[in-house]
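Source file: query-v2.txt. Holds: compact mmCIF, C-alpha atoms.
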```
# COMPACT_ATOMS: atom_id res chain seq x y z
CA MET A 1 60.92 -19.71 61.68
CA ASN A 2 59.93 -17.35 64.26
CA LEU A 3 57.02 -19.58 64.92
CA LEU A 4 59.20 -22.58 65.48
CA VAL A 5 61.38 -20.67 67.88
CA LEU A 6 58.34 -19.58 69.82
CA ALA A 7 56.97 -23.09 69.80
CA ALA A 8 60.20 -24.43 71.18
CA GLU A 9 60.22 -21.89 73.93
CA GLU A 10 56.59 -22.37 74.87
CA PRO A 11 55.50 -25.98 74.89
CA ASN A 12 51.73 -25.44 74.95
CA SER A 13 51.17 -22.56 72.57
CA PRO A 14 47.67 -22.43 71.01
CA LEU A 15 49.06 -20.99 67.76
CA VAL A 16 51.45 -23.79 67.03
CA PRO A 17 50.01 -27.30 67.04
CA PRO A 18 52.02 -30.21 68.40
CA ILE A 19 54.35 -31.86 65.90
CA PRO A 20 52.66 -35.31 65.86
CA GLU A 21 49.33 -33.69 65.08
CA LEU A 22 50.95 -31.67 62.34
CA VAL A 23 52.49 -34.81 60.81
CA ILE A 24 49.21 -36.78 61.03
CA GLY A 25 47.29 -33.86 59.47
CA LEU A 26 49.86 -33.61 56.71
CA ILE A 27 49.67 -37.36 56.00
CA ALA A 28 45.84 -37.25 56.01
CA PHE A 29 45.95 -34.25 53.64
CA VAL A 30 48.28 -36.09 51.24
CA ILE A 31 46.02 -39.18 51.35
CA VAL A 32 42.86 -37.16 50.69
CA PHE A 33 44.63 -35.13 48.00
CA GLY A 34 45.95 -38.31 46.36
CA PHE A 35 42.51 -39.92 46.48
CA LEU A 36 40.92 -36.79 44.98
CA ALA A 37 43.67 -36.57 42.32
CA LYS A 38 43.25 -40.25 41.40
CA LYS A 39 39.48 -40.61 41.47
CA LEU A 40 37.77 -37.25 41.40
CA LEU A 41 40.12 -35.14 39.28
CA PRO A 42 39.85 -37.36 36.15
CA ASN A 43 36.06 -37.26 36.41
CA ILE A 44 36.14 -33.47 36.82
CA ASN A 45 38.54 -33.15 33.86
CA LYS A 46 36.35 -35.47 31.81
CA VAL A 47 33.24 -33.39 32.60
CA LEU A 48 35.14 -30.17 31.84
CA ASP A 49 36.40 -31.62 28.54
CA GLU A 50 32.90 -32.76 27.62
CA ARG A 51 31.54 -29.32 28.51
CA HIS A 52 34.31 -27.67 26.49
CA ALA A 53 33.53 -29.95 23.53
CA ALA A 54 29.82 -29.27 23.90
CA ILE A 55 30.46 -25.53 23.96
CA GLU A 56 32.77 -25.77 20.95
CA GLY A 57 30.24 -28.02 19.18
CA GLY A 58 27.47 -25.58 20.10
CA ILE A 59 29.48 -22.72 18.66
CA GLU A 60 30.15 -24.72 15.48
CA LYS A 61 26.47 -25.68 15.29
CA ALA A 62 25.47 -22.06 15.84
CA GLU A 63 27.87 -20.95 13.10
CA ALA A 64 26.52 -23.67 10.78
CA ALA A 65 22.95 -22.68 11.63
CA GLN A 66 23.81 -19.03 11.04
CA THR A 67 25.38 -19.88 7.68
CA GLU A 68 22.36 -21.98 6.75
CA ALA A 69 20.01 -19.24 7.92
CA GLN A 70 21.94 -16.74 5.82
CA SER A 71 21.67 -18.97 2.73
CA VAL A 72 17.94 -19.52 3.38
CA LEU A 73 17.55 -15.75 3.78
CA GLU A 74 19.30 -15.20 0.45
CA GLN A 75 17.02 -17.80 -1.16
CA TYR A 76 13.95 -16.10 0.30
CA LYS A 77 15.18 -12.73 -0.90
CA ALA A 78 15.72 -14.17 -4.38
CA GLN A 79 12.27 -15.78 -4.32
CA LEU A 80 10.74 -12.53 -3.09
CA ALA A 81 12.46 -10.57 -5.86
CA GLU A 82 11.25 -13.16 -8.38
CA ALA A 83 7.72 -12.99 -6.96
CA ARG A 84 7.79 -9.20 -7.17
CA HIS A 85 9.00 -9.40 -10.74
CA GLU A 86 6.28 -11.92 -11.56
CA ALA A 87 3.64 -9.72 -9.89
CA ALA A 88 4.83 -6.72 -11.91
CA ARG A 89 4.68 -8.79 -15.09
CA LEU A 90 1.18 -10.00 -14.22
CA ARG A 91 0.08 -6.42 -13.51
CA GLN A 92 1.51 -5.32 -16.84
CA ASP A 93 -0.22 -8.22 -18.63
CA ALA A 94 -3.50 -7.40 -16.91
CA LEU A 95 -3.11 -3.74 -17.86
CA GLU A 96 -2.43 -4.67 -21.47
CA GLN A 97 -5.37 -7.08 -21.51
CA GLY A 98 -7.58 -4.43 -19.94
CA THR A 99 -6.51 -1.90 -22.55
CA ALA A 100 -7.11 -4.38 -25.36
CA LEU A 101 -10.49 -5.31 -23.90
CA LYS A 102 -11.39 -1.65 -23.52
CA GLU A 103 -10.45 -1.00 -27.17
CA GLU A 104 -12.39 -4.08 -28.26
CA LEU A 105 -15.45 -2.98 -26.29
CA ARG A 106 -15.10 0.56 -27.66
CA ALA A 107 -14.93 -0.80 -31.22
CA GLU A 108 -17.93 -3.05 -30.53
CA GLY A 109 -19.84 -0.10 -29.08
CA GLN A 110 -18.94 2.01 -32.14
CA ARG A 111 -20.10 -0.77 -34.44
CA GLN A 112 -23.37 -1.15 -32.52
CA ARG A 113 -23.85 2.61 -32.52
CA GLU A 114 -23.36 2.72 -36.27
CA GLU A 115 -25.80 -0.18 -36.70
CA ILE A 116 -28.36 1.60 -34.52
CA ILE A 117 -27.87 4.86 -36.45
CA ALA A 118 -28.16 3.02 -39.78
CA ALA A 119 -31.27 1.22 -38.53
CA GLY A 120 -32.64 4.55 -37.32
CA HIS A 121 -31.95 6.16 -40.69
CA ALA A 122 -33.57 3.23 -42.45
CA GLN A 123 -36.57 3.45 -40.11
CA ILE A 124 -36.78 7.21 -40.64
CA GLU A 125 -36.59 6.71 -44.40
CA ALA A 126 -39.27 4.02 -44.25
CA ASP A 127 -41.42 6.22 -42.03
CA ARG A 128 -40.84 9.16 -44.39
CA LYS A 129 -41.84 7.06 -47.37
CA ALA A 130 -44.89 5.74 -45.52
CA ALA A 131 -45.82 9.26 -44.44
CA SER A 132 -45.20 10.53 -47.97
CA SER A 133 -47.36 7.76 -49.39
CA ALA A 134 -50.10 8.41 -46.84
CA LEU A 135 -49.81 12.13 -47.45
CA ARG A 136 -49.89 11.56 -51.18
CA GLN A 137 -53.04 9.51 -50.84
CA ASP A 138 -54.65 12.06 -48.56
CA VAL A 139 -53.61 14.97 -50.77
CA GLY A 140 -54.73 12.98 -53.83
CA LYS A 141 -58.09 12.26 -52.26
CA LEU A 142 -58.53 15.90 -51.34
CA ALA A 143 -57.32 17.00 -54.78
CA THR A 144 -59.73 14.66 -56.59
CA ASP A 145 -62.58 15.80 -54.42
CA LEU A 146 -61.65 19.42 -55.08
CA ALA A 147 -61.10 18.78 -58.78
CA GLY A 148 -64.39 16.93 -58.96
CA LYS A 149 -66.17 19.91 -57.47
CA LEU A 150 -64.37 22.31 -59.78
CA VAL A 151 -64.90 20.27 -62.91
CA GLY A 152 -68.37 19.38 -61.95
CA GLU A 153 -68.09 15.71 -62.63
CA SER A 154 -67.25 12.85 -60.33
CA LEU A 155 -63.77 11.47 -60.41
CA GLU A 156 -64.68 8.25 -58.71
CA ASP A 157 -62.94 6.06 -61.26
CA HIS A 158 -59.81 4.80 -59.54
CA ALA A 159 -57.55 4.74 -62.60
CA ARG A 160 -58.57 8.21 -63.55
CA GLN A 161 -58.14 9.32 -59.98
CA SER A 162 -54.61 7.90 -59.84
CA ARG A 163 -53.56 9.61 -63.04
CA THR A 164 -54.97 12.92 -61.90
CA ILE A 165 -53.24 12.65 -58.52
CA ASP A 166 -49.91 11.73 -60.08
CA ARG A 167 -50.16 14.61 -62.54
CA PHE A 168 -51.10 17.08 -59.80
CA LEU A 169 -48.24 15.98 -57.50
CA SER A 170 -45.73 16.06 -60.35
CA GLU A 171 -46.70 19.62 -61.08
CA LEU A 172 -46.34 20.52 -57.40
CA GLU A 173 -42.85 18.91 -57.26
CA GLU A 174 -41.77 20.79 -60.41
CA LYS A 175 -42.94 24.08 -58.91
CA ALA A 176 -41.11 23.29 -55.64
CA GLU A 177 -37.88 22.51 -57.49
CA ALA A 178 -38.21 25.63 -59.62
CA ALA A 179 -38.69 27.72 -56.47
CA ARG A 180 -35.43 26.51 -55.00
```

With the file now loaded, output its structure as structure tokens.
Amino acid sequence: MNLLVLAAEEPNSPLVPPIPELVIGLIAFVIVFGFLAKKLLPNINKVLDERHAAIEGGIEKAEAAQTEAQSVLEQYKAQLAEARHEAARLRQDALEQGTALKEELRAEGQRQREEIIAAGHAQIEADRKAASSALRQDVGKLATDLAGKLVGESLEDHARQSRTIDRFLSELEEKAEAAR
């Protein structure tokens, strides 16, 4: 009000515009505001509503994706636990198979060792018998030669030689057994 009083007192005040200009400016403002409210404001509201819906949809999608990611994570954890369990079972099976194989190989090695020892004993026995037979023949030959020299006659007859050798060795064996 003070302004109006001043305007009335001073006709050309730079602070207070003339009344017709004020009315024209006010009418132009109402026209521009009406045009903006009719044409531009619905488009702005529509864009804002779409943006709000997109944001809400994005949030819902994000929540759905998070829920899905959580379920996938739980599935992966379950699969990982199952895989760990399966790996532990496979390790245990492999350990059991390894132990069984080791025992089997040990038994096979024992069997082969016993076969080798038995074959060695048989070979030793055969070698002993062969050596005994060779020794018997050599001792018999020496004994017949010695006996032939002592007796003064030749003991070249093979049958006689065999009997003499057998008798001589039997006597030696009896003396050896008696000495024990």

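What separates atom CA of Glu103 of chain A from atom CA of Ile116 of chain A is a distance of 19.5 Å.
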
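Take atom CA of Asp127 of chain A and atom CA of Asp166 of chain A: the distance between them is 20.7 Å.
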
Note to self: Quick check, in Å to one decimal: how far apart do atom CA of Ser133 of chain A and atom CA of Leu169 of chain A lie?
What the structure shows: 11.6 Å

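Proximity of A:Glu177, A:Glu104, A:Glu82, A:Asp145 to Thr164 of chain A, computed with all atoms listed in the file, is greatest for A:Asp145.
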